[in-house]
Protein chains: 2
Amino acid sequence: MSSAIEKLFSKRDLELMQSEAPTPLYFQMYSLLKGRILDGSIAHGTQMPTEQQLAEMFGVSRITAKRAMDELAADELVERRRGKGSHVTHHYEPEPVQAPLVGMLEKLASMGRQTRIKVLDVEKVIPPADIRSELGLAKGEKAHRVIRVRSSEEGEPFAYYISWTVGIKKGFSKRELETNVRLDTIKENGLILSKVEQYLGADAANNEVARELELKAGAPTLTLVRHSYTKDGKLVDILFCQYNPKRFQYRMSLSMDDYHSE
Amino acid sequence: MSSAIEKLFSKRDLELMQSEAPTPLYFQMYSLLKGRILDGSIAHGTQMPTEQQLAEMFGVSRITAKRAMDELAADELVERRRGKGSHVTHHYEPEPVQAPLVGMLEKLASMGRQTRIKVLDVEKVIPPADIRSELGLAKGEKAHRVIRVRSSEEGEPFAYYISWTVGIKKGFSKRELETNVRLDTIKENGLILSKVEQYLGADAANNEVARELELKAGAPTLTLVRHSYTKDGKLVDILFCQYNPKRFQYRMSLSMDDYHSE
DNA sequence: CACTATTTGTCCGTATGTATG
DNA sequence: TCATACATACGGACAAATAGT
């Protein structure tokens with residue numbers, strides 16, 4: 001009768017625990033419970049299942065269940081008391097969002113000045129095979145890879161970029177990339193870009209992207225892939241963007257004959 | 001020297017290894033290497049770094065590096081030979097996608113004929129509070145809601161639509177919606193649309209959408225929200241679209257002055 | 001005031017996995 | 001390959017705090 005959260009974990013949750021990665025059981029349990037507390041599924045003040053119950057639910061020993069709970073207590077998400085049980089101390093507050101989103105959209109017109117670029121990595125490395133073949137590189141050949149994150153004035157990151165460039169001599173410098181537009185640097189290398197094609201889609205954020213964009217791993221992101229060609233039709237630059245859709249959306253105004261876009 | 005992949009791992013990769021989760025080092029190494037082999041960064045036949053080199057690169061013991069390589073060998077991604085070193089046996093094959101994707105894009109111009117619409121629901125119902133306030137409706141007032149799915153000629157569903165419409169007298173009929181463009185029907189009701197605004201973003205598929213678009217629940221979808229206004233600035237139609245990003249993407253061609261779009 | 005059931009805290013021994021030199 | 005150290009996970013046993021009868 002103790003805790004009111006018998007139906008909190010689906011079979012899926014439990015199945016997901018025996019994952020392919022050899023992550024410790026206690027940590028998987030801890031992560032699952034932590035997520036439920038942080039997203040408000042288990043409200044403040046709620047009594048958690050006992051160690052015994054958790055052990056049975058997850059099919060582990062009490063020691064393991066206890067370890068998971070101890071980690072939660074160390075995070076100050078729950079409070080544990082002998083004879084009383086463990087209770088959620090964390091206060092869930094729904095985010096009062098949606099407003100900053102429109103604000104972001106309006107800033108887009110003059111993006112350059114009103115956002116900040118953080119350069120995570122600038123290196124010449126061997127690209128994945130699909131990139132390599134698109135750029136027409138030989139097997140061991142390297143390309144300039146730049147990884148960046150763009151944030152709003154308020155310091156909220158909303159875009160994650162990976163670009164691959166070939167055919168430039170000078171290469172990029174970190175300082176340059178932080179202040180200038182990357183395609184300008186390409187032009188200064190003597191490349192004249194003519195055609196640009198962009199594809200908008202959606203993809204899940206991997207761990208790296210999720211961390212940089214303040215999302216959960218696997219969260220939907222708006223994606224943009226841009227191919228830049230020189231006059232003679234040679235592809236010299238590929239840009240992959242992933243956007244936090246809470247903070248950035250594309251706005252388009254269409255003429256009335258274009259409504260086949262549905 | 002031995003292996004031609006000195007520049008395969010950036011400092012960033014190595015820093016990312018000490019992640020927050022207590023995942024074993026050998027497994028993090030194994031995952032990283034596996035990813036590079038599967039995405040073709042390390043091509044078939046390439047010699048991998050020696051255990052000693054890997055150990056130094058990643059700052060771990062040789063045993064740990066060996067364990068990572070052994071896991072790769074167990075997956076039959078590399079072959080290990082005493083005195084020869086480890087060589088990649090996996091053949092990278094680029095997925096034969098992208099073709100149907102571009103094919104889909106080309107069909108867009110004359111979408112009406114080359115795709116099929118399934119009408120799931122046509123009803124006049126009370127809208128959710130946010131929709132209601134956007135459309136300027138009183139509390140109990142209803143709006144025309146239409147739910148549809150669009151599929152390719154081959155029967156692959158790629159778009160899920162929910163639309164809310166006010167100010168029309170005739171209403172929609174199922175047969176009409178299956179053959180005609182919805183906005184045409186609105187026009188026949190005497191409404192003259194002038195301004196249209198669209199927002200592209202990303203969102204997770206709920207159960208309903210996932211089922212219709214043949215995705216898993218929670219999978220990323222490309223989303224489009226369209227607001228249609230009459231000449232006097234009144235919002236009369238809201239359309240929510242969700243697209244399966246494997247089967248549909250937006251293509252844009254930009255002029256070269258627009259590259260602030262990064 | 002016992003007496004009891006519940007629940008967490010602590011300790012034991014053992015086995016296995018991870019990581020080092 | 002070996003010896004070593006530490007973390008993980010198990011089952012079991014008992015102690016200590018809490019709450020109700």
# chains A, B, ... in the order shown; residues from 1 in each chain; ligands from 1
$ interface_residues --of "chain B" --to "chain C" --cutoff "8 Å" --atoms "only C-alpha atoms (C1' of nucleotides)" --output "PyMOL selection string"
chain B and resi 24+61+63-64
$ select_by_dssp --residues "stretch 24-259 of chain B" --states "helix (DSSP H, G or I)" --output "PyMOL selection string"
chain B and resi 25-38+51-58+62-74+99-114+129-135+174-179+182-188+207-212+256-259
$ closest_atom_pairs --of "chain D" --to "chain A" --cutoff "9 Å" --atoms "only C-alpha atoms (C1' of nucleotides)" --output "CSV"
residue,atom,partner,partner_atom,distance
D:DT8,C1',A:Pro24,CA,7.1
D:DA9,C1',A:Thr64,CA,6.9
D:DC10,C1',A:Ser61,CA,6.5
D:DG11,C1',A:Ser61,CA,8.1
D:DA16,C1',A:Arg82,CA,7.8
D:DA17,C1',A:Arg82,CA,5.1
D:DT18,C1',A:Gly83,CA,4.5
D:DA19,C1',A:Gly83,CA,7.9
$ write_last_selection --atoms "N, CA and C atoms (P, O5', C5', C4', C3', O3' and C1' of nucleotides)" --output "PDB file, in the first residue's frame"
ATOM      1  P    DT D   8      30.845   0.868  -9.666  1.00  0.00           P
ATOM      2  O5'  DT D   8      30.268  -0.586  -9.864  1.00  0.00           O
ATOM      3  C5'  DT D   8      30.433  -1.199 -11.133  1.00  0.00           C
ATOM      4  C4'  DT D   8      29.882  -2.607 -11.089  1.00  0.00           C
ATOM      5  C3'  DT D   8      28.426  -2.717 -10.618  1.00  0.00           C
ATOM      6  O3'  DT D   8      27.708  -3.402 -11.623  1.00  0.00           O
ATOM      7  C1'  DT D   8      29.793  -4.313  -9.545  1.00  0.00           C
ATOM      8  P    DA D   9      26.068  -3.346 -11.577  1.00  0.00           P
ATOM      9  O5'  DA D   9      25.700  -4.637 -10.739  1.00  0.00           O
ATOM     10  C5'  DA D   9      25.894  -5.911 -11.327  1.00  0.00           C
ATOM     11  C4'  DA D   9      25.645  -6.977 -10.292  1.00  0.00           C
ATOM     12  C3'  DA D   9      24.387  -6.809  -9.457  1.00  0.00           C
ATOM     13  O3'  DA D   9      23.431  -7.763  -9.899  1.00  0.00           O
ATOM     14  C1'  DA D   9      26.260  -7.586  -8.174  1.00  0.00           C
ATOM     15  P    DC D  10      22.054  -7.908  -9.139  1.00  0.00           P
ATOM     16  O5'  DC D  10      22.333  -9.083  -8.118  1.00  0.00           O
ATOM     17  C5'  DC D  10      22.768 -10.333  -8.621  1.00  0.00           C
ATOM     18  C4'  DC D  10      23.169 -11.247  -7.501  1.00  0.00           C
ATOM     19  C3'  DC D  10      22.145 -11.354  -6.389  1.00  0.00           C
ATOM     20  O3'  DC D  10      21.292 -12.461  -6.616  1.00  0.00           O
ATOM     21  C1'  DC D  10      24.411 -11.254  -5.558  1.00  0.00           C
ATOM     22  P    DG D  11      19.927 -12.542  -5.835  1.00  0.00           P
ATOM     23  O5'  DG D  11      20.324 -13.216  -4.441  1.00  0.00           O
ATOM     24  C5'  DG D  11      21.031 -14.445  -4.430  1.00  0.00           C
ATOM     25  C4'  DG D  11      21.444 -14.754  -3.006  1.00  0.00           C
ATOM     26  C3'  DG D  11      20.297 -14.614  -2.004  1.00  0.00           C
ATOM     27  O3'  DG D  11      20.079 -15.844  -1.317  1.00  0.00           O
ATOM     28  C1'  DG D  11      22.249 -13.421  -1.281  1.00  0.00           C
ATOM     29  P    DA D  16      21.860  -1.321  16.947  1.00  0.00           P
ATOM     30  O5'  DA D  16      20.984  -0.317  16.066  1.00  0.00           O
ATOM     31  C5'  DA D  16      21.630   0.473  15.055  1.00  0.00           C
ATOM     32  C4'  DA D  16      20.603   1.399  14.414  1.00  0.00           C
ATOM     33  C3'  DA D  16      19.717   2.140  15.416  1.00  0.00           C
ATOM     34  O3'  DA D  16      19.527   3.469  14.956  1.00  0.00           O
ATOM     35  C1'  DA D  16      18.379   0.894  13.929  1.00  0.00           C
ATOM     36  P    DA D  17      18.896   4.572  15.921  1.00  0.00           P
ATOM     37  O5'  DA D  17      17.600   5.026  15.125  1.00  0.00           O
ATOM     38  C5'  DA D  17      17.760   5.790  13.934  1.00  0.00           C
ATOM     39  C4'  DA D  17      16.468   5.750  13.142  1.00  0.00           C
ATOM     40  C3'  DA D  17      15.286   6.455  13.822  1.00  0.00           C
ATOM     41  O3'  DA D  17      14.756   7.394  12.921  1.00  0.00           O
ATOM     42  C1'  DA D  17      14.692   4.265  13.116  1.00  0.00           C
ATOM     43  P    DT D  18      13.622   8.462  13.386  1.00  0.00           P
ATOM     44  O5'  DT D  18      12.266   7.772  12.943  1.00  0.00           O
ATOM     45  C5'  DT D  18      12.076   7.436  11.577  1.00  0.00           C
ATOM     46  C4'  DT D  18      10.764   6.704  11.425  1.00  0.00           C
ATOM     47  C3'  DT D  18       9.591   7.290  12.231  1.00  0.00           C
ATOM     48  O3'  DT D  18       8.680   7.850  11.312  1.00  0.00           O
ATOM     49  C1'  DT D  18       9.659   4.898  12.317  1.00  0.00           C
ATOM     50  P    DA D  19       7.377   8.644  11.825  1.00  0.00           P
ATOM     51  O5'  DA D  19       6.269   7.495  11.805  1.00  0.00           O
ATOM     52  C5'  DA D  19       6.146   6.660  10.676  1.00  0.00           C
ATOM     53  C4'  DA D  19       5.102   5.594  10.959  1.00  0.00           C
ATOM     54  C3'  DA D  19       3.920   6.095  11.803  1.00  0.00           C
ATOM     55  O3'  DA D  19       2.707   5.666  11.229  1.00  0.00           O
ATOM     56  C1'  DA D  19       4.865   4.172  12.782  1.00  0.00           C
TER      57       DA D  19
END
$ closest_residue --among "A:Ile238, A:Leu32, A:Ile162, A:Ala21" --to "chain B" --atoms "only C-alpha atoms"
A:Ala21
$ closest_residue --among "A:Lys139, A:His87, A:Arg80, A:His44" --to "chain B" --atoms "only C-alpha atoms"
A:Lys139
$ closest_residue --among "A:Leu135, A:Val166, A:Leu177, A:Ile126" --to "chain B" --atoms "only C-alpha atoms"
A:Ile126
$ interface_residues --of "chain A" --to "chain B" --cutoff "6 Å" --atoms "only C-alpha atoms" --output "PyMOL selection string"
chain A and resi 23+125-129+196-204+220-222+245+249-254
$ select_by_dssp --residues "stretch 22-243 of chain B" --states "strand (DSSP E)" --output "NGL selection string"
:B and (78-81 or 85-88 or 115-125 or 143-152 or 157-165 or 193-204 or 220-230 or 235-243)
$ write_last_selection --atoms "C-alpha atoms" --output "PDB file, in the first residue's frame"
ATOM      1  CA  VAL B  78      38.470  -6.389 -38.191  1.00  0.00           C
ATOM      2  CA  GLU B  79      40.819  -9.314 -38.543  1.00  0.00           C
ATOM      3  CA  ARG B  80      43.730  -9.672 -36.170  1.00  0.00           C
ATOM      4  CA  ARG B  81      46.969 -11.408 -37.016  1.00  0.00           C
ATOM      5  CA  GLY B  85      48.418  -6.104 -37.048  1.00  0.00           C
ATOM      6  CA  SER B  86      44.644  -5.618 -37.298  1.00  0.00           C
ATOM      7  CA  HIS B  87      42.973  -4.869 -40.586  1.00  0.00           C
ATOM      8  CA  VAL B  88      39.438  -3.775 -41.350  1.00  0.00           C
ATOM      9  CA  THR B 115       0.368  11.265 -54.436  1.00  0.00           C
ATOM     10  CA  ARG B 116      -2.665   9.914 -52.688  1.00  0.00           C
ATOM     11  CA  ILE B 117      -4.652  11.369 -49.874  1.00  0.00           C
ATOM     12  CA  LYS B 118      -6.379   9.315 -47.230  1.00  0.00           C
ATOM     13  CA  VAL B 119      -8.928  11.262 -45.206  1.00  0.00           C
ATOM     14  CA  LEU B 120      -8.990   9.996 -41.663  1.00  0.00           C
ATOM     15  CA  ASP B 121     -11.528  12.374 -40.210  1.00  0.00           C
ATOM     16  CA  VAL B 122     -13.720  15.327 -41.184  1.00  0.00           C
ATOM     17  CA  GLU B 123     -15.605  16.934 -38.360  1.00  0.00           C
ATOM     18  CA  LYS B 124     -16.722  20.183 -36.841  1.00  0.00           C
ATOM     19  CA  VAL B 125     -15.458  20.068 -33.309  1.00  0.00           C
ATOM     20  CA  ALA B 143     -14.167  24.740 -36.175  1.00  0.00           C
ATOM     21  CA  HIS B 144     -13.752  22.424 -39.123  1.00  0.00           C
ATOM     22  CA  ARG B 145     -11.086  19.875 -38.381  1.00  0.00           C
ATOM     23  CA  VAL B 146      -9.660  17.637 -41.090  1.00  0.00           C
ATOM     24  CA  ILE B 147      -7.137  14.868 -40.498  1.00  0.00           C
ATOM     25  CA  ARG B 148      -5.391  13.380 -43.504  1.00  0.00           C
ATOM     26  CA  VAL B 149      -2.412  11.298 -44.558  1.00  0.00           C
ATOM     27  CA  ARG B 150      -0.577  11.676 -47.838  1.00  0.00           C
ATOM     28  CA  SER B 151       1.203   8.755 -49.455  1.00  0.00           C
ATOM     29  CA  SER B 152       3.467   8.326 -52.430  1.00  0.00           C
ATOM     30  CA  PRO B 157       2.779   7.450 -46.300  1.00  0.00           C
ATOM     31  CA  PHE B 158       4.992  10.470 -45.726  1.00  0.00           C
ATOM     32  CA  ALA B 159       2.800  13.290 -44.421  1.00  0.00           C
ATOM     33  CA  TYR B 160       0.230  13.614 -41.663  1.00  0.00           C
ATOM     34  CA  TYR B 161      -2.040  16.676 -41.639  1.00  0.00           C
ATOM     35  CA  ILE B 162      -4.380  18.255 -39.148  1.00  0.00           C
ATOM     36  CA  SER B 163      -6.118  21.429 -40.233  1.00  0.00           C
ATOM     37  CA  TRP B 164      -8.465  23.817 -38.469  1.00  0.00           C
ATOM     38  CA  THR B 165     -10.667  26.142 -40.520  1.00  0.00           C
ATOM     39  CA  LEU B 193      -6.513  34.282 -48.911  1.00  0.00           C
ATOM     40  CA  SER B 194      -3.681  36.751 -49.156  1.00  0.00           C
ATOM     41  CA  LYS B 195      -0.951  36.116 -46.616  1.00  0.00           C
ATOM     42  CA  VAL B 196       0.465  32.727 -45.736  1.00  0.00           C
ATOM     43  CA  GLU B 197       3.115  32.067 -43.140  1.00  0.00           C
ATOM     44  CA  GLN B 198       4.874  28.788 -42.618  1.00  0.00           C
ATOM     45  CA  TYR B 199       7.128  27.583 -39.863  1.00  0.00           C
ATOM     46  CA  LEU B 200       9.351  24.572 -40.244  1.00  0.00           C
ATOM     47  CA  GLY B 201      10.500  22.780 -37.171  1.00  0.00           C
ATOM     48  CA  ALA B 202      10.899  19.349 -35.689  1.00  0.00           C
ATOM     49  CA  ASP B 203       8.868  17.351 -33.237  1.00  0.00           C
ATOM     50  CA  ALA B 204       8.504  13.804 -32.000  1.00  0.00           C
ATOM     51  CA  PRO B 220      11.771  12.806 -35.126  1.00  0.00           C
ATOM     52  CA  THR B 221       9.478  14.325 -37.718  1.00  0.00           C
ATOM     53  CA  LEU B 222       9.814  17.426 -39.808  1.00  0.00           C
ATOM     54  CA  THR B 223       6.931  19.701 -38.918  1.00  0.00           C
ATOM     55  CA  LEU B 224       5.239  22.493 -40.745  1.00  0.00           C
ATOM     56  CA  VAL B 225       2.724  24.912 -39.304  1.00  0.00           C
ATOM     57  CA  ARG B 226       0.923  27.115 -41.793  1.00  0.00           C
ATOM     58  CA  HIS B 227      -1.219  30.099 -40.989  1.00  0.00           C
ATOM     59  CA  SER B 228      -3.463  31.387 -43.787  1.00  0.00           C
ATOM     60  CA  TYR B 229      -4.894  34.905 -43.603  1.00  0.00           C
ATOM     61  CA  THR B 230      -7.563  36.691 -45.596  1.00  0.00           C
ATOM     62  CA  LEU B 235      -6.546  34.066 -39.612  1.00  0.00           C
ATOM     63  CA  VAL B 236      -8.921  31.512 -41.084  1.00  0.00           C
ATOM     64  CA  ASP B 237      -6.901  28.354 -41.455  1.00  0.00           C
ATOM     65  CA  ILE B 238      -4.217  26.600 -39.442  1.00  0.00           C
ATOM     66  CA  LEU B 239      -2.479  23.579 -40.831  1.00  0.00           C
ATOM     67  CA  PHE B 240      -0.200  21.241 -38.874  1.00  0.00           C
ATOM     68  CA  CYS B 241       1.905  18.839 -40.918  1.00  0.00           C
ATOM     69  CA  GLN B 242       4.267  16.152 -39.788  1.00  0.00           C
ATOM     70  CA  TYR B 243       6.573  14.494 -42.303  1.00  0.00           C
TER      71      TYR B 243
END
